[in-house]
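Asker: Mind having a look at this structure? Questions to follow.
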Amino acid sequence: MQTLIDYEQLSQQTAIYKDLLTNDLFFEAHETLEELWFPLRFEKDDEVRLIRAYINAAVSFELVKRGREKSGLKPWGFFTKHFHLIHEVESKHQSFYEEIYEHILKTQKRLACFRL
């Protein structure tokens with residue numbers, strides 16, 4: 001299956017995203033993956049939707065950090081609606097998507113916010 005996402009760029013952005021989440025730099029984490037997603041935002045592709053879901057998770061965490069957990073429910077809802085795609089997309093990027101997902105779960109537990 002052909003993928004729209006560049007492997008090398010995703011590899012680099014995944015490492016940066018995880019590091020930023022670990023350091024509670026959620027806005028910056030969202031910006032990191034948005035660099036990948038933005039040029040592809042109009043594509044009807046599950047892999048692109050999954051990246052957007054990960055962006056929305058970081059946005060949700062940023063809103064919690066700013067004391068606006070209720071506002072974070074909408075982007076978190078997008079994440080929860082689409083995170084199942086991790087098991088459905090056929091991609092050579094699967095390991096990166098699993099790493100990001102696990103890191104999001106750790107962050108969600110650490111911040112004690114939202115539910116899946």
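FYI, nothing fancy with the structure tokens labels: chains A, B, ... in order, residues from 1 per chain, ligands from 1 as they appear.
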From the DSSP assignment of the backbone, select every residue of stretch 14-75 of chain A that is helix (DSSP H, G or I), and format the answer as a CSV table (one decimal) with C-alpha atoms, in the first residue's frame.

Answerer:
```
chain,number,residue,atom,x,y,z
A,14,THR,CA,7.6,11.0,16.3
A,15,ALA,CA,10.8,11.2,18.5
A,16,ILE,CA,10.3,15.0,18.9
A,17,TYR,CA,6.6,14.6,19.7
A,18,LYS,CA,7.2,12.0,22.4
A,19,ASP,CA,9.9,14.2,24.0
A,20,LEU,CA,7.7,17.2,24.0
A,21,LEU,CA,4.8,15.3,25.6
A,22,THR,CA,7.2,14.0,28.3
A,26,PHE,CA,1.9,20.1,24.4
A,27,PHE,CA,1.5,23.1,22.1
A,28,GLU,CA,4.9,22.4,20.6
A,29,ALA,CA,4.1,18.7,20.3
A,30,HIS,CA,0.9,19.6,18.3
A,31,GLU,CA,2.9,21.9,16.1
A,32,THR,CA,5.5,19.1,15.4
A,33,LEU,CA,2.9,16.7,13.9
A,34,GLU,CA,1.0,19.5,12.3
A,35,GLU,CA,4.0,20.0,10.0
A,36,LEU,CA,3.2,16.5,8.6
A,37,TRP,CA,-0.5,16.8,8.6
A,38,PHE,CA,-1.2,20.3,7.2
A,39,PRO,CA,-0.1,19.7,3.6
A,40,LEU,CA,-2.2,16.5,3.6
A,46,ASP,CA,-7.0,7.0,7.4
A,47,GLU,CA,-3.3,7.6,8.1
A,48,VAL,CA,-3.8,11.3,7.8
A,49,ARG,CA,-6.8,11.1,10.1
A,50,LEU,CA,-4.7,9.2,12.7
A,51,ILE,CA,-2.0,11.9,12.6
A,52,ARG,CA,-4.7,14.5,13.2
A,53,ALA,CA,-6.0,12.5,16.1
A,54,TYR,CA,-2.6,12.6,17.7
A,55,ILE,CA,-2.4,16.4,17.1
A,56,ASN,CA,-5.8,16.7,18.8
A,57,ALA,CA,-4.6,14.7,21.8
A,58,ALA,CA,-1.7,17.2,22.3
A,59,VAL,CA,-4.2,20.1,22.0
A,60,SER,CA,-6.3,18.5,24.7
A,61,PHE,CA,-3.3,18.2,27.0
A,62,GLU,CA,-2.4,21.8,26.4
A,63,LEU,CA,-5.9,22.9,27.3
A,64,VAL,CA,-5.7,20.9,30.6
A,65,LYS,CA,-2.3,22.5,31.3
A,69,GLU,CA,-10.1,20.8,30.7
A,70,LYS,CA,-13.7,21.3,29.6
A,71,SER,CA,-12.5,22.9,26.4
A,72,GLY,CA,-10.1,20.0,25.9
A,73,LEU,CA,-13.0,17.6,25.6
A,74,LYS,CA,-13.7,18.4,21.9
A,75,PRO,CA,-10.2,17.7,20.6
```

Asker: Find the distance between atom CA of A:Ser91 and atom CA of A:Arg110 and write it in Å to one decimal.

Answerer: 29.3 Å
